[in-house]
Amino acid sequence: MSEGQGKRRKLQGKISQEGRLPPGQSLTVKFPVLHYGPVPTFDPSTWEFRVWGEVDQEVTWTWDEFLELPRIKVKMDIHCVTRWSKFDTEWEGVSLQTLVQQEIIRVKPSAKFLLQHCDYGYSTNMPMSVAMSDNFLLASHFDGQSLTPDHGYPLRGVVGAIPGREGLKDIYLWKGGKWLRGLEFIAEDRMGFWEQAGYHNDADVWDEQRFASDG
Ligand SMILES: Nc1nc2c(c(=O)[nH]1)N[C@H]1C(S)=C(S)[C@@H](COP(=O)(O)O)O[C@H]1N2
Ligand SMILES: [Mo]
């Protein structure tokens, strides 16, 4: 075992003892890049973010307008369905919960699910209950820096577990869309890219809901 491997194992043991290592996951100190398809380029002069569906009023924000929205920081443990987990990751961005509370977005009571829409057609769905919780963020920054292109620059959804917080639903990271371009609020559930490809619709990391066949 290399020295690096030894350190990793030791750290994993500590995290595991703290009850933060979901079944079937292993700790990484790297930040793997995982996505289907190419990395889009960002042009701030043409980029738009659209909010539509079950809302009182559709909105479209330019990048400059998006940067004016209220911002927060969240520290989370993120879990990829391919079995790596990264702990205490620090994100900064815009919380949907805040946008709704401050009536920047007026979601109709009929909205029960959220679809994130990304460049090149990636999408992913989640219930409003998850979308509105503290562990879902529209993130522009990781670890104090702008996202890098392969991690979703300029904007991505991110979802993870907040250490020490009970009662939140912790789901796999594929439900955070990189290169996020829009939010669609829907009344009836509609499956996103990986969900249609056989991943589990609910994606609970503690129940190991990786594939639809996991029940
Ligand atoms: N647009 C887009 N977003 C995506 C994906 C993708 O294929 N396309 N893959 C998801 C998966 S499976 C994971 S684990 C995370 C990985 O984020 P990372 O590359 O920053 O680690 O992005 C998610 N968001
Ligand atoms: Mo993933």
# chains A, B, ... in the order shown; residues from 1 in each chain; ligands from 1
>>> select_by_dssp(residues="segment 1-206 of chain A", states="helix (DSSP H, G or I)", output="NGL selection string")
:A and (3-17 or 63-67 or 96-101 or 119-121 or 128-131 or 149-151 or 173-175 or 193-196)
>>> residues_near_ligand(ligand="ligand 1", cutoff="8 Å", atoms="only C-alpha atoms and all ligand atoms", output="NGL selection string")
:A and (31-37 or 79-82 or 118-123 or 150-152 or 156-157 or 172-180 or 194)
>>> closest_atom_pairs(of="segment 115-171 of chain A", to="segment 183-190 of chain A", cutoff="9 Å", atoms="only C-alpha atoms", output="tab-separated table")
residue	atom	partner	partner_atom	distance
A:Leu115	CA	A:Glu184	CA	5.1
A:Gln116	CA	A:Leu183	CA	4.9
A:His117	CA	A:Leu183	CA	6.1
A:Thr124	CA	A:Arg190	CA	8.8
A:Asn125	CA	A:Arg190	CA	6.7
A:Met126	CA	A:Asp189	CA	8.2
A:Pro127	CA	A:Asp189	CA	7.9
A:Met128	CA	A:Phe185	CA	8.4
>>> write_last_selection(atoms="N, CA and C atoms", output="PDB file, in the first residue's frame")
ATOM      1  N   LEU A 115     -37.343  19.628 -12.825  1.00  0.00           N
ATOM      2  CA  LEU A 115     -36.414  19.100 -13.824  1.00  0.00           C
ATOM      3  C   LEU A 115     -35.320  20.132 -14.030  1.00  0.00           C
ATOM      4  N   GLN A 116     -34.063  19.718 -13.866  1.00  0.00           N
ATOM      5  CA  GLN A 116     -32.939  20.579 -14.213  1.00  0.00           C
ATOM      6  C   GLN A 116     -32.613  20.304 -15.679  1.00  0.00           C
ATOM      7  N   HIS A 117     -32.482  21.372 -16.454  1.00  0.00           N
ATOM      8  CA  HIS A 117     -32.122  21.242 -17.869  1.00  0.00           C
ATOM      9  C   HIS A 117     -30.732  21.824 -18.096  1.00  0.00           C
ATOM     10  N   THR A 124     -32.235  16.105 -15.287  1.00  0.00           N
ATOM     11  CA  THR A 124     -32.427  15.212 -14.151  1.00  0.00           C
ATOM     12  C   THR A 124     -33.592  15.727 -13.309  1.00  0.00           C
ATOM     13  N   ASN A 125     -34.340  14.789 -12.740  1.00  0.00           N
ATOM     14  CA  ASN A 125     -35.562  15.140 -12.010  1.00  0.00           C
ATOM     15  C   ASN A 125     -35.438  14.856 -10.516  1.00  0.00           C
ATOM     16  N   MET A 126     -36.154  15.631  -9.723  1.00  0.00           N
ATOM     17  CA  MET A 126     -36.230  15.378  -8.278  1.00  0.00           C
ATOM     18  C   MET A 126     -37.544  15.957  -7.751  1.00  0.00           C
ATOM     19  N   PRO A 127     -38.023  15.408  -6.626  1.00  0.00           N
ATOM     20  CA  PRO A 127     -39.241  15.978  -6.051  1.00  0.00           C
ATOM     21  C   PRO A 127     -38.974  17.392  -5.524  1.00  0.00           C
ATOM     22  N   MET A 128     -39.998  18.212  -5.473  1.00  0.00           N
ATOM     23  CA  MET A 128     -39.859  19.563  -4.939  1.00  0.00           C
ATOM     24  C   MET A 128     -39.340  19.539  -3.501  1.00  0.00           C
TER      25      MET A 128
END
>>> closest_residue(among="A:Thr46, A:Lys7, A:Phe136, A:Phe113", to="Asn201 of chain A", atoms="only C-alpha atoms")
A:Phe113
>>> residues_around(residues="Asp214 of chain A", least_positions_apart="4", cutoff="12 Å", atoms="only C-alpha atoms", output="list of chain:residue names")
A:Gly198, A:Tyr199, A:His200, A:Asn201, A:Asp202, A:Ala203, A:Asp204, A:Val205, A:Asp207, A:Glu208, A:Gln209, A:Arg210
>>> select_by_dssp(residues="segment 136-197 of chain A", states="strand (DSSP E)", output="ChimeraX atom specification")
/A:136-142,145-146,156-159,180-186
>>> residues_around(residues="Val55 of chain A", least_positions_apart="4", cutoff="12 Å", atoms="only C-alpha atoms", output="list of chain:residue names")
A:Arg50, A:Val51, A:Val59, A:Val100, A:Glu103, A:Ile104, A:Ile105, A:Arg106, A:Val107, A:Lys108, A:Pro109, A:Ser110, A:Ala111, A:Lys112, A:Phe113, A:Leu114, A:Leu183, A:Glu184, A:Phe185, A:Ile186, A:Ala187
>>> write_last_selection(atoms="N, CA and C atoms", output="PDB file, in the first residue's frame")
ATOM      1  N   ARG A  50     -33.283  29.936 -17.715  1.00  0.00           N
ATOM      2  CA  ARG A  50     -34.732  30.034 -17.874  1.00  0.00           C
ATOM      3  C   ARG A  50     -35.450  29.241 -16.788  1.00  0.00           C
ATOM      4  N   VAL A  51     -36.505  29.825 -16.256  1.00  0.00           N
ATOM      5  CA  VAL A  51     -37.341  29.167 -15.244  1.00  0.00           C
ATOM      6  C   VAL A  51     -38.759  29.119 -15.788  1.00  0.00           C
ATOM      7  N   VAL A  59     -39.371  33.233 -16.042  1.00  0.00           N
ATOM      8  CA  VAL A  59     -38.308  34.240 -16.025  1.00  0.00           C
ATOM      9  C   VAL A  59     -37.104  33.751 -16.807  1.00  0.00           C
ATOM     10  N   VAL A 100     -37.545  31.008  -3.731  1.00  0.00           N
ATOM     11  CA  VAL A 100     -38.986  30.837  -3.525  1.00  0.00           C
ATOM     12  C   VAL A 100     -39.442  31.645  -2.302  1.00  0.00           C
ATOM     13  N   GLU A 103     -39.753  35.133  -3.001  1.00  0.00           N
ATOM     14  CA  GLU A 103     -40.695  35.331  -4.116  1.00  0.00           C
ATOM     15  C   GLU A 103     -40.019  35.874  -5.370  1.00  0.00           C
ATOM     16  N   ILE A 104     -38.768  35.492  -5.536  1.00  0.00           N
ATOM     17  CA  ILE A 104     -38.056  35.807  -6.773  1.00  0.00           C
ATOM     18  C   ILE A 104     -38.562  34.834  -7.847  1.00  0.00           C
ATOM     19  N   ILE A 105     -38.867  33.619  -7.400  1.00  0.00           N
ATOM     20  CA  ILE A 105     -39.601  32.656  -8.229  1.00  0.00           C
ATOM     21  C   ILE A 105     -40.908  32.351  -7.500  1.00  0.00           C
ATOM     22  N   ARG A 106     -42.026  32.443  -8.209  1.00  0.00           N
ATOM     23  CA  ARG A 106     -43.315  32.080  -7.601  1.00  0.00           C
ATOM     24  C   ARG A 106     -43.762  30.748  -8.171  1.00  0.00           C
ATOM     25  N   VAL A 107     -43.572  29.707  -7.372  1.00  0.00           N
ATOM     26  CA  VAL A 107     -43.916  28.361  -7.807  1.00  0.00           C
ATOM     27  C   VAL A 107     -45.383  28.093  -7.456  1.00  0.00           C
ATOM     28  N   LYS A 108     -46.114  27.548  -8.400  1.00  0.00           N
ATOM     29  CA  LYS A 108     -47.514  27.200  -8.142  1.00  0.00           C
ATOM     30  C   LYS A 108     -47.599  25.977  -7.227  1.00  0.00           C
ATOM     31  N   PRO A 109     -48.690  25.878  -6.458  1.00  0.00           N
ATOM     32  CA  PRO A 109     -48.863  24.689  -5.595  1.00  0.00           C
ATOM     33  C   PRO A 109     -48.894  23.395  -6.406  1.00  0.00           C
ATOM     34  N   SER A 110     -49.223  23.495  -7.679  1.00  0.00           N
ATOM     35  CA  SER A 110     -49.281  22.299  -8.532  1.00  0.00           C
ATOM     36  C   SER A 110     -47.895  21.744  -8.862  1.00  0.00           C
ATOM     37  N   ALA A 111     -46.842  22.506  -8.601  1.00  0.00           N
ATOM     38  CA  ALA A 111     -45.478  22.031  -8.890  1.00  0.00           C
ATOM     39  C   ALA A 111     -45.081  20.973  -7.872  1.00  0.00           C
ATOM     40  N   LYS A 112     -44.856  19.766  -8.335  1.00  0.00           N
ATOM     41  CA  LYS A 112     -44.490  18.676  -7.427  1.00  0.00           C
ATOM     42  C   LYS A 112     -43.067  18.158  -7.690  1.00  0.00           C
ATOM     43  N   PHE A 113     -42.546  18.442  -8.870  1.00  0.00           N
ATOM     44  CA  PHE A 113     -41.208  17.961  -9.238  1.00  0.00           C
ATOM     45  C   PHE A 113     -40.447  19.063  -9.960  1.00  0.00           C
ATOM     46  N   LEU A 114     -39.125  18.923  -9.908  1.00  0.00           N
ATOM     47  CA  LEU A 114     -38.255  19.862 -10.608  1.00  0.00           C
ATOM     48  C   LEU A 114     -37.416  19.095 -11.617  1.00  0.00           C
ATOM     49  N   LEU A 183     -34.597  25.611 -15.100  1.00  0.00           N
ATOM     50  CA  LEU A 183     -35.381  24.831 -14.149  1.00  0.00           C
ATOM     51  C   LEU A 183     -36.816  24.779 -14.659  1.00  0.00           C
ATOM     52  N   GLU A 184     -37.331  23.569 -14.765  1.00  0.00           N
ATOM     53  CA  GLU A 184     -38.729  23.396 -15.174  1.00  0.00           C
ATOM     54  C   GLU A 184     -39.493  22.762 -14.023  1.00  0.00           C
ATOM     55  N   PHE A 185     -40.532  23.453 -13.594  1.00  0.00           N
ATOM     56  CA  PHE A 185     -41.365  22.930 -12.511  1.00  0.00           C
ATOM     57  C   PHE A 185     -42.529  22.167 -13.131  1.00  0.00           C
ATOM     58  N   ILE A 186     -42.734  20.944 -12.650  1.00  0.00           N
ATOM     59  CA  ILE A 186     -43.741  20.098 -13.279  1.00  0.00           C
ATOM     60  C   ILE A 186     -44.674  19.462 -12.233  1.00  0.00           C
ATOM     61  N   ALA A 187     -45.890  19.160 -12.683  1.00  0.00           N
ATOM     62  CA  ALA A 187     -46.903  18.590 -11.796  1.00  0.00           C
ATOM     63  C   ALA A 187     -46.766  17.072 -11.711  1.00  0.00           C
TER      64      ALA A 187
END
>>> residues_around(residues="Gly4 of chain A", least_positions_apart="3", cutoff="12 Å", atoms="only C-alpha atoms", output="list in words")
Met1, Lys7, Arg8, Arg9, Lys10, Leu11, Thr28, Val29 and Lys30 of chain A
